[in-house]
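Asks: Got a structure here, written out as structure tokens. Questions coming.
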Amino acid sequence: MTEKKRRIWWFDYYQIEEAESWLVDMAAQGWHLSGFKLIFAHFSPGEPEKVRYRCDFFSREDDFSERINLYSQSGWEYVTNISSSLHVFRSPTTDAIPEIHTEPVEMAPTMNLLLRQYYVYGLIALLSVAAIISPPLAYGNIPLWLLLFADTTSIISLIVGVSIFVMLGTGVGGVLRKRSRLRRGLPLSHKKPYNRVRISKMGMFFSLILLIILFISNVVSFFGSDLYSPLPQGELPVVRISGLIPATEYVDIEPGDSEFCNCYSISSSLLVPWQWFSWEFAGQVETGGATVYKTSLISTGYRARTPGLAEILAQKLAREIDLRKSDSYQGELWLKQVDHETEFILLKDEYVFRIYYNGLEPVEDLIQLVEDKIGTLQ
């Protein structure tokens with residue numbers, strides 16, 4: 001004996017005419033609707049038949065049993081419910097059995113039940129979109145956030161979230177248009193093509209699956225790795241204190257409160273796929289070994305996809321931390337100095353370096369060190 005079939009119900013609540021056409025075609029192939037669970041319509045095998053399917057809207061509180069009995073007496077079999085207010089009936093194709101609704105105007109108020117469901121789902125979609133866009137809003141500088149943090153997952157999440165919100169808005173519009181037609185006395189078609197609806201919903205469904213997979217993989221990756229790691233040995237794509245202070249004068253600080261700052265990390269975004277960060281503390285000594293100053297260096301390097309994107313990034317970073325462009329430097333440099341603290345942004349081709357330095361060495365040496373580092377990276 002042939003087993004039952006399960007098929008995803010691809011139709012929005014307002015697309016009842018397309019759903020009815022699909023159920024009629026399934027019955028003509030020998031598959032008859034027998035139930036509904038989660039998102040699946042269940043079909044039982046049988047002889048191919050010409051039948052009619054009709055969807056009706058009413059809540060279980062609205063004299064449910066009496067309505068079922070009334071339709072049954074008219075020749076309509078109750079099949080199943082798709083939601084709490086969407087119910088499916090079936091009857092043979094014969095003029096002897098009247099339509100469930102013969103007056104479209106009387107059916108119009110039932111559309112309000114669908115609107116309530118769309119409002120609930122619309123609120124959920126709105127909250128989801130708000131959660132997706134909250135990081136750039138909280139960051140305060142949306143263009144800079146897009147450059148530094150927007151990865152493939154966040155872009156796909158935003159697109160899918162907005163698409164769902166638009167789809168729900170389309171559903172509300174579909175219900176309102178259908179209600180308007182019924183109020184004007186225009187009956188439902190009951191024979192609308194449905195393939196286009198199913199294909200579009202399939203695309204949305206698989207997009208959601210892809211989004212969930214990407215989200216889970218990113219969460220696992222985030223919690224499975226350390227955000228910052230100890231500074232590794234060997235050459236790094238960042239500027240190091242050891243390159244600024246001669247080795248004979250450079251001494252690592254003793255482990256203590258600042259030890260966690262001797263760290264390194266890498267990250268990526270869609271527009272700036274290479275990002276490196278290091279934070280170092282060290283001691284600077286005079287002849288004789290007496291420590292006179294504790295040196296710190298924060299080095300952040302970026303390599304954008306194009307020189308144009310790098311230029312935009314450098315300008316926005318400079319504006320974000322209030323740096324002024326240097327007139328004395330031959331290239332693109334934004335600089336600020338206060339006592340022994342130096343902060344600057346240097347742009348060259350597709351590379352941007354942001355440096356914060358607290359120490360005694362001249363800024364010219366630090367700029368040269370950054371230029372040399374960019375040369376090795378190129």
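Letters for chains follow the order of the structure tokens (A, B, ...), residue numbers begin at 1 for each chain, and ligand numbers begin at 1 in the order shown.
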Write out as a count of residues only which residues come within 10 Å of region 108-121 of chain A when counting only C-alpha atoms, dropping same-chain ones fewer than 4 positions away.
Replies: 35
Asks: List as a PDB file with N, CA and C atoms, in the first residue's frame the protein and nucleic acid residues near region 47-55 of chain A, meaning an atom at most 12 Å away when only C-alpha atoms are counted, but skip any in the same chain fewer than 4 places from it.
Replies:
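The resulting file, part28.pdb, is reproduced below:
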```
ATOM      1  N   THR A   2       0.513   2.221  -0.844  1.00  0.00           N
ATOM      2  CA  THR A   2       1.279   3.439  -0.945  1.00  0.00           C
ATOM      3  C   THR A   2       1.171   4.254   0.333  1.00  0.00           C
ATOM      4  N   TYR A  13      -1.531  33.017   4.206  1.00  0.00           N
ATOM      5  CA  TYR A  13      -2.928  32.853   4.603  1.00  0.00           C
ATOM      6  C   TYR A  13      -3.900  33.473   3.598  1.00  0.00           C
ATOM      7  N   TYR A  14      -3.487  34.581   2.977  1.00  0.00           N
ATOM      8  CA  TYR A  14      -4.414  35.230   2.059  1.00  0.00           C
ATOM      9  C   TYR A  14      -4.443  34.564   0.686  1.00  0.00           C
ATOM     10  N   GLN A  15      -3.519  33.626   0.414  1.00  0.00           N
ATOM     11  CA  GLN A  15      -3.447  32.986  -0.901  1.00  0.00           C
ATOM     12  C   GLN A  15      -4.302  31.721  -0.931  1.00  0.00           C
ATOM     13  N   ILE A  16      -5.535  31.860  -0.491  1.00  0.00           N
ATOM     14  CA  ILE A  16      -6.411  30.698  -0.390  1.00  0.00           C
ATOM     15  C   ILE A  16      -6.854  30.195  -1.765  1.00  0.00           C
ATOM     16  N   GLU A  17      -6.981  31.097  -2.731  1.00  0.00           N
ATOM     17  CA  GLU A  17      -7.406  30.660  -4.062  1.00  0.00           C
ATOM     18  C   GLU A  17      -6.342  29.776  -4.708  1.00  0.00           C
ATOM     19  N   GLU A  18      -5.055  30.168  -4.561  1.00  0.00           N
ATOM     20  CA  GLU A  18      -3.968  29.348  -5.081  1.00  0.00           C
ATOM     21  C   GLU A  18      -3.889  28.009  -4.344  1.00  0.00           C
ATOM     22  N   ALA A  19      -4.105  28.035  -3.018  1.00  0.00           N
ATOM     23  CA  ALA A  19      -4.057  26.802  -2.238  1.00  0.00           C
ATOM     24  C   ALA A  19      -5.170  25.852  -2.661  1.00  0.00           C
ATOM     25  N   GLU A  20      -6.358  26.386  -2.887  1.00  0.00           N
ATOM     26  CA  GLU A  20      -7.478  25.544  -3.325  1.00  0.00           C
ATOM     27  C   GLU A  20      -7.185  24.889  -4.671  1.00  0.00           C
ATOM     28  N   SER A  21      -6.591  25.640  -5.597  1.00  0.00           N
ATOM     29  CA  SER A  21      -6.241  25.081  -6.910  1.00  0.00           C
ATOM     30  C   SER A  21      -5.234  23.950  -6.770  1.00  0.00           C
ATOM     31  N   TRP A  22      -4.248  24.143  -5.885  1.00  0.00           N
ATOM     32  CA  TRP A  22      -3.240  23.104  -5.668  1.00  0.00           C
ATOM     33  C   TRP A  22      -3.867  21.841  -5.098  1.00  0.00           C
ATOM     34  N   LEU A  23      -4.746  21.972  -4.123  1.00  0.00           N
ATOM     35  CA  LEU A  23      -5.395  20.805  -3.522  1.00  0.00           C
ATOM     36  C   LEU A  23      -6.262  20.074  -4.534  1.00  0.00           C
ATOM     37  N   VAL A  24      -6.939  20.809  -5.398  1.00  0.00           N
ATOM     38  CA  VAL A  24      -7.749  20.185  -6.457  1.00  0.00           C
ATOM     39  C   VAL A  24      -6.863  19.373  -7.397  1.00  0.00           C
ATOM     40  N   ASP A  25      -5.709  19.935  -7.790  1.00  0.00           N
ATOM     41  CA  ASP A  25      -4.797  19.207  -8.681  1.00  0.00           C
ATOM     42  C   ASP A  25      -4.218  17.976  -8.008  1.00  0.00           C
ATOM     43  N   MET A  26      -3.907  18.060  -6.711  1.00  0.00           N
ATOM     44  CA  MET A  26      -3.402  16.890  -5.990  1.00  0.00           C
ATOM     45  C   MET A  26      -4.458  15.791  -5.955  1.00  0.00           C
ATOM     46  N   ALA A  27      -5.728  16.152  -5.747  1.00  0.00           N
ATOM     47  CA  ALA A  27      -6.808  15.157  -5.738  1.00  0.00           C
ATOM     48  C   ALA A  27      -6.967  14.511  -7.104  1.00  0.00           C
ATOM     49  N   ALA A  28      -6.783  15.286  -8.161  1.00  0.00           N
ATOM     50  CA  ALA A  28      -6.874  14.743  -9.517  1.00  0.00           C
ATOM     51  C   ALA A  28      -5.766  13.732  -9.796  1.00  0.00           C
ATOM     52  N   GLN A  29      -4.664  13.806  -9.015  1.00  0.00           N
ATOM     53  CA  GLN A  29      -3.557  12.850  -9.149  1.00  0.00           C
ATOM     54  C   GLN A  29      -3.695  11.676  -8.175  1.00  0.00           C
ATOM     55  N   GLY A  30      -4.770  11.675  -7.393  1.00  0.00           N
ATOM     56  CA  GLY A  30      -4.994  10.581  -6.447  1.00  0.00           C
ATOM     57  C   GLY A  30      -4.453  10.839  -5.059  1.00  0.00           C
ATOM     58  N   TRP A  31      -4.165  12.111  -4.732  1.00  0.00           N
ATOM     59  CA  TRP A  31      -3.665  12.458  -3.406  1.00  0.00           C
ATOM     60  C   TRP A  31      -4.630  13.444  -2.756  1.00  0.00           C
ATOM     61  N   HIS A  32      -5.199  12.985  -1.634  1.00  0.00           N
ATOM     62  CA  HIS A  32      -6.279  13.741  -0.999  1.00  0.00           C
ATOM     63  C   HIS A  32      -5.831  14.251   0.377  1.00  0.00           C
ATOM     64  N   LEU A  33      -6.061  15.524   0.614  1.00  0.00           N
ATOM     65  CA  LEU A  33      -5.657  16.145   1.876  1.00  0.00           C
ATOM     66  C   LEU A  33      -6.317  15.430   3.049  1.00  0.00           C
ATOM     67  N   TYR A  71     -22.254  23.021   7.423  1.00  0.00           N
ATOM     68  CA  TYR A  71     -21.586  22.725   6.149  1.00  0.00           C
ATOM     69  C   TYR A  71     -21.743  21.256   5.778  1.00  0.00           C
ATOM     70  N   GLY A  75     -23.342  19.170   2.355  1.00  0.00           N
ATOM     71  CA  GLY A  75     -22.559  18.294   1.493  1.00  0.00           C
ATOM     72  C   GLY A  75     -21.066  18.530   1.547  1.00  0.00           C
ATOM     73  N   TRP A  76     -20.605  19.364   2.483  1.00  0.00           N
ATOM     74  CA  TRP A  76     -19.181  19.676   2.595  1.00  0.00           C
ATOM     75  C   TRP A  76     -18.562  18.895   3.749  1.00  0.00           C
ATOM     76  N   GLU A  77     -17.441  18.239   3.463  1.00  0.00           N
ATOM     77  CA  GLU A  77     -16.702  17.469   4.467  1.00  0.00           C
ATOM     78  C   GLU A  77     -15.604  18.337   5.074  1.00  0.00           C
ATOM     79  N   TYR A  78     -15.575  18.370   6.402  1.00  0.00           N
ATOM     80  CA  TYR A  78     -14.494  19.099   7.074  1.00  0.00           C
ATOM     81  C   TYR A  78     -13.230  18.260   7.002  1.00  0.00           C
ATOM     82  N   VAL A  79     -12.118  18.842   6.510  1.00  0.00           N
ATOM     83  CA  VAL A  79     -10.877  18.092   6.309  1.00  0.00           C
ATOM     84  C   VAL A  79      -9.891  18.366   7.438  1.00  0.00           C
ATOM     85  N   THR A  80      -9.488  19.638   7.599  1.00  0.00           N
ATOM     86  CA  THR A  80      -8.486  19.976   8.605  1.00  0.00           C
ATOM     87  C   THR A  80      -8.417  21.487   8.745  1.00  0.00           C
ATOM     88  N   ASN A  81      -7.620  21.934   9.692  1.00  0.00           N
ATOM     89  CA  ASN A  81      -7.363  23.370   9.836  1.00  0.00           C
ATOM     90  C   ASN A  81      -5.887  23.645   9.581  1.00  0.00           C
ATOM     91  N   ILE A  82      -5.599  24.743   8.871  1.00  0.00           N
ATOM     92  CA  ILE A  82      -4.224  25.140   8.566  1.00  0.00           C
ATOM     93  C   ILE A  82      -3.672  26.018   9.684  1.00  0.00           C
ATOM     94  N   SER A  83      -4.510  26.823  10.272  1.00  0.00           N
ATOM     95  CA  SER A  83      -4.156  27.642  11.434  1.00  0.00           C
ATOM     96  C   SER A  83      -5.372  27.648  12.355  1.00  0.00           C
ATOM     97  N   SER A  85      -7.563  29.777  12.603  1.00  0.00           N
ATOM     98  CA  SER A  85      -8.752  30.372  11.990  1.00  0.00           C
ATOM     99  C   SER A  85      -8.938  30.005  10.523  1.00  0.00           C
ATOM    100  N   LEU A  86      -8.023  29.232   9.924  1.00  0.00           N
ATOM    101  CA  LEU A  86      -8.137  28.856   8.515  1.00  0.00           C
ATOM    102  C   LEU A  86      -8.472  27.369   8.434  1.00  0.00           C
ATOM    103  N   HIS A  87      -9.641  27.051   7.876  1.00  0.00           N
ATOM    104  CA  HIS A  87     -10.158  25.688   7.845  1.00  0.00           C
ATOM    105  C   HIS A  87     -10.439  25.268   6.406  1.00  0.00           C
ATOM    106  N   VAL A  88     -10.257  23.972   6.138  1.00  0.00           N
ATOM    107  CA  VAL A  88     -10.385  23.446   4.780  1.00  0.00           C
ATOM    108  C   VAL A  88     -11.551  22.468   4.717  1.00  0.00           C
ATOM    109  N   PHE A  89     -12.385  22.629   3.684  1.00  0.00           N
ATOM    110  CA  PHE A  89     -13.531  21.753   3.427  1.00  0.00           C
ATOM    111  C   PHE A  89     -13.401  21.174   2.021  1.00  0.00           C
ATOM    112  N   ARG A  90     -14.092  20.019   1.828  1.00  0.00           N
ATOM    113  CA  ARG A  90     -14.033  19.325   0.538  1.00  0.00           C
ATOM    114  C   ARG A  90     -15.428  18.815   0.178  1.00  0.00           C
ATOM    115  N   SER A  91     -15.715  18.833  -1.142  1.00  0.00           N
ATOM    116  CA  SER A  91     -16.976  18.271  -1.626  1.00  0.00           C
ATOM    117  C   SER A  91     -16.789  17.783  -3.051  1.00  0.00           C
ATOM    118  N   PRO A  92     -17.644  16.858  -3.500  1.00  0.00           N
ATOM    119  CA  PRO A  92     -17.599  16.469  -4.910  1.00  0.00           C
ATOM    120  C   PRO A  92     -17.937  17.666  -5.810  1.00  0.00           C
ATOM    121  N   THR A  93     -17.465  17.593  -7.061  1.00  0.00           N
ATOM    122  CA  THR A  93     -17.757  18.656  -8.020  1.00  0.00           C
ATOM    123  C   THR A  93     -19.145  18.404  -8.612  1.00  0.00           C
ATOM    124  N   THR A  94     -20.126  19.082  -8.053  1.00  0.00           N
ATOM    125  CA  THR A  94     -21.497  18.941  -8.524  1.00  0.00           C
ATOM    126  C   THR A  94     -22.287  20.192  -8.180  1.00  0.00           C
ATOM    127  N   ASP A  95     -23.186  20.544  -9.061  1.00  0.00           N
ATOM    128  CA  ASP A  95     -24.022  21.717  -8.809  1.00  0.00           C
ATOM    129  C   ASP A  95     -25.028  21.479  -7.699  1.00  0.00           C
ATOM    130  N   ILE A  97     -24.425  20.564  -4.766  1.00  0.00           N
ATOM    131  CA  ILE A  97     -23.878  21.043  -3.481  1.00  0.00           C
ATOM    132  C   ILE A  97     -23.541  22.514  -3.649  1.00  0.00           C
ATOM    133  N   PRO A  98     -24.189  23.398  -2.908  1.00  0.00           N
ATOM    134  CA  PRO A  98     -23.951  24.844  -3.074  1.00  0.00           C
ATOM    135  C   PRO A  98     -22.575  25.248  -2.528  1.00  0.00           C
ATOM    136  N   GLU A  99     -22.129  26.405  -2.961  1.00  0.00           N
ATOM    137  CA  GLU A  99     -20.892  26.973  -2.425  1.00  0.00           C
ATOM    138  C   GLU A  99     -21.060  27.293  -0.940  1.00  0.00           C
ATOM    139  N   ILE A 100     -19.929  27.276  -0.222  1.00  0.00           N
ATOM    140  CA  ILE A 100     -19.965  27.624   1.200  1.00  0.00           C
ATOM    141  C   ILE A 100     -20.426  29.065   1.374  1.00  0.00           C
ATOM    142  N   HIS A 101     -19.837  29.945   0.579  1.00  0.00           N
ATOM    143  CA  HIS A 101     -20.202  31.356   0.641  1.00  0.00           C
ATOM    144  C   HIS A 101     -20.777  31.767  -0.709  1.00  0.00           C
ATOM    145  N   MET A 107     -18.709  37.351   3.442  1.00  0.00           N
ATOM    146  CA  MET A 107     -17.410  36.721   3.730  1.00  0.00           C
ATOM    147  C   MET A 107     -16.338  37.748   4.087  1.00  0.00           C
ATOM    148  N   THR A 110     -14.666  38.069   7.584  1.00  0.00           N
ATOM    149  CA  THR A 110     -13.812  36.972   8.045  1.00  0.00           C
ATOM    150  C   THR A 110     -12.331  37.238   7.749  1.00  0.00           C
ATOM    151  N   MET A 111     -12.053  38.136   6.815  1.00  0.00           N
ATOM    152  CA  MET A 111     -10.660  38.478   6.497  1.00  0.00           C
ATOM    153  C   MET A 111      -9.937  39.129   7.687  1.00  0.00           C
ATOM    154  N   LEU A 188     -14.498  35.114  -4.902  1.00  0.00           N
ATOM    155  CA  LEU A 188     -13.152  34.574  -5.059  1.00  0.00           C
ATOM    156  C   LEU A 188     -13.070  33.715  -6.317  1.00  0.00           C
ATOM    157  N   SER A 189     -11.856  33.623  -6.874  1.00  0.00           N
ATOM    158  CA  SER A 189     -11.682  32.902  -8.140  1.00  0.00           C
ATOM    159  C   SER A 189     -11.733  31.392  -7.961  1.00  0.00           C
ATOM    160  N   HIS A 190     -11.064  30.863  -6.931  1.00  0.00           N
ATOM    161  CA  HIS A 190     -10.959  29.431  -6.635  1.00  0.00           C
ATOM    162  C   HIS A 190     -10.108  28.658  -7.641  1.00  0.00           C
ATOM    163  N   LYS A 191      -9.643  29.295  -8.706  1.00  0.00           N
ATOM    164  CA  LYS A 191      -8.847  28.588  -9.722  1.00  0.00           C
ATOM    165  C   LYS A 191      -7.632  29.425 -10.135  1.00  0.00           C
TER     166      LYS A 191
END
```
Asks: If you measure from CA of Thr306 (chain A) to CA of Asp349 (chain A), what distance in Å do you get, rounded to one decimal?
Replies: 8.0 Å
Asks: For a test of reading the model, state the distance in Å between CA of Phe43 (chain A) and CA of Arg198 (chain A), rounded to one decimal.
Replies: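 Distance reported for this atom pair: 17.5 Å.
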Asks: So, counting only C-alpha atoms, which residue among A:Lys37, A:Lys373, A:Arg6, A:His42 is closest to Leu236 (chain A)?
Replies: A:Lys373
Asks: Please, which residues of region 1-50 of chain A, numbered as in this document, come out alpha helix (DSSP H) from DSSP, as JSON, numbers by chain?
Replies: {"A": [16, 17, 18, 19, 20, 21, 22, 23, 24, 25, 26, 27, 28]}
Asks: Have a look at A:Ile321, A:Ile8, A:Leu270, A:Ile241 and name the one nearest to Asn358 (chain A); count only C-alpha atoms.
Replies: A:Ile241
Asks: One decimal, Å: what's the distance from CA of Trp279 (chain A) over to CA of Thr153 (chain A), could you say?
Replies: 27.9 Å
Asks: Would you pick out the contacts of Val197 (chain A) at 8 Å or less, using only C-alpha atoms, so that residues sharing its chain but fewer than 4 positions from it are not included, and give the list as a list of chain:residue names?
Replies: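 Counting only C-alpha atoms, the residues come to A:Trp10, A:Phe11, A:Glu18, A:Lys201.
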Asks: Store the residues of this selection in a file with N, CA and C atoms, as an mmCIF file, in the first residue's frame.
Replies:
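File part.cif, as written:
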```
data_model
loop_
_atom_site.group_PDB
_atom_site.id
_atom_site.type_symbol
_atom_site.label_atom_id
_atom_site.label_comp_id
_atom_site.auth_asym_id
_atom_site.auth_seq_id
_atom_site.Cartn_x
_atom_site.Cartn_y
_atom_site.Cartn_z
ATOM 1 N N TRP A 10 3.136 25.972 1.069
ATOM 2 C CA TRP A 10 3.899 27.147 0.648
ATOM 3 C C TRP A 10 3.075 28.429 0.630
ATOM 4 N N PHE A 11 1.813 28.379 0.969
ATOM 5 C CA PHE A 11 0.923 29.503 0.715
ATOM 6 C C PHE A 11 0.752 30.384 1.951
ATOM 7 N N GLU A 18 -5.055 30.168 -4.561
ATOM 8 C CA GLU A 18 -3.968 29.348 -5.081
ATOM 9 C C GLU A 18 -3.889 28.009 -4.344
ATOM 10 N N LYS A 201 8.152 31.106 -2.582
ATOM 11 C CA LYS A 201 8.232 30.712 -1.180
ATOM 12 C C LYS A 201 9.354 29.707 -0.948
#
```
Asks: As a list in words, please: the residues near Arg303 (chain A) (cut-off 8 Å, only C-alpha atoms, same-chain neighbours under 6 positions excluded).
Replies: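 Result of the neighbour search: Val272, Pro273, Trp274, Gln275, Ala310, Glu350, Tyr351 and Val352 of chain A.
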Asks: Write out, as a short mmCIF file (atom, residue, chain, number, x, y, z; two decimals), in the first residue's frame, the residues just selected, with C-alpha atoms.
Replies:
```cif
data_model
loop_
_atom_site.label_atom_id
_atom_site.label_comp_id
_atom_site.auth_asym_id
_atom_site.auth_seq_id
_atom_site.Cartn_x
_atom_site.Cartn_y
_atom_site.Cartn_z
CA VAL A 272 37.86 45.21 4.74
CA PRO A 273 38.68 41.49 4.80
CA TRP A 274 42.08 41.84 6.50
CA GLN A 275 42.23 43.45 9.95
CA ALA A 310 40.82 52.30 2.13
CA GLU A 350 44.75 49.77 0.09
CA TYR A 351 46.40 49.81 3.53
CA VAL A 352 45.33 51.88 6.54
#
```
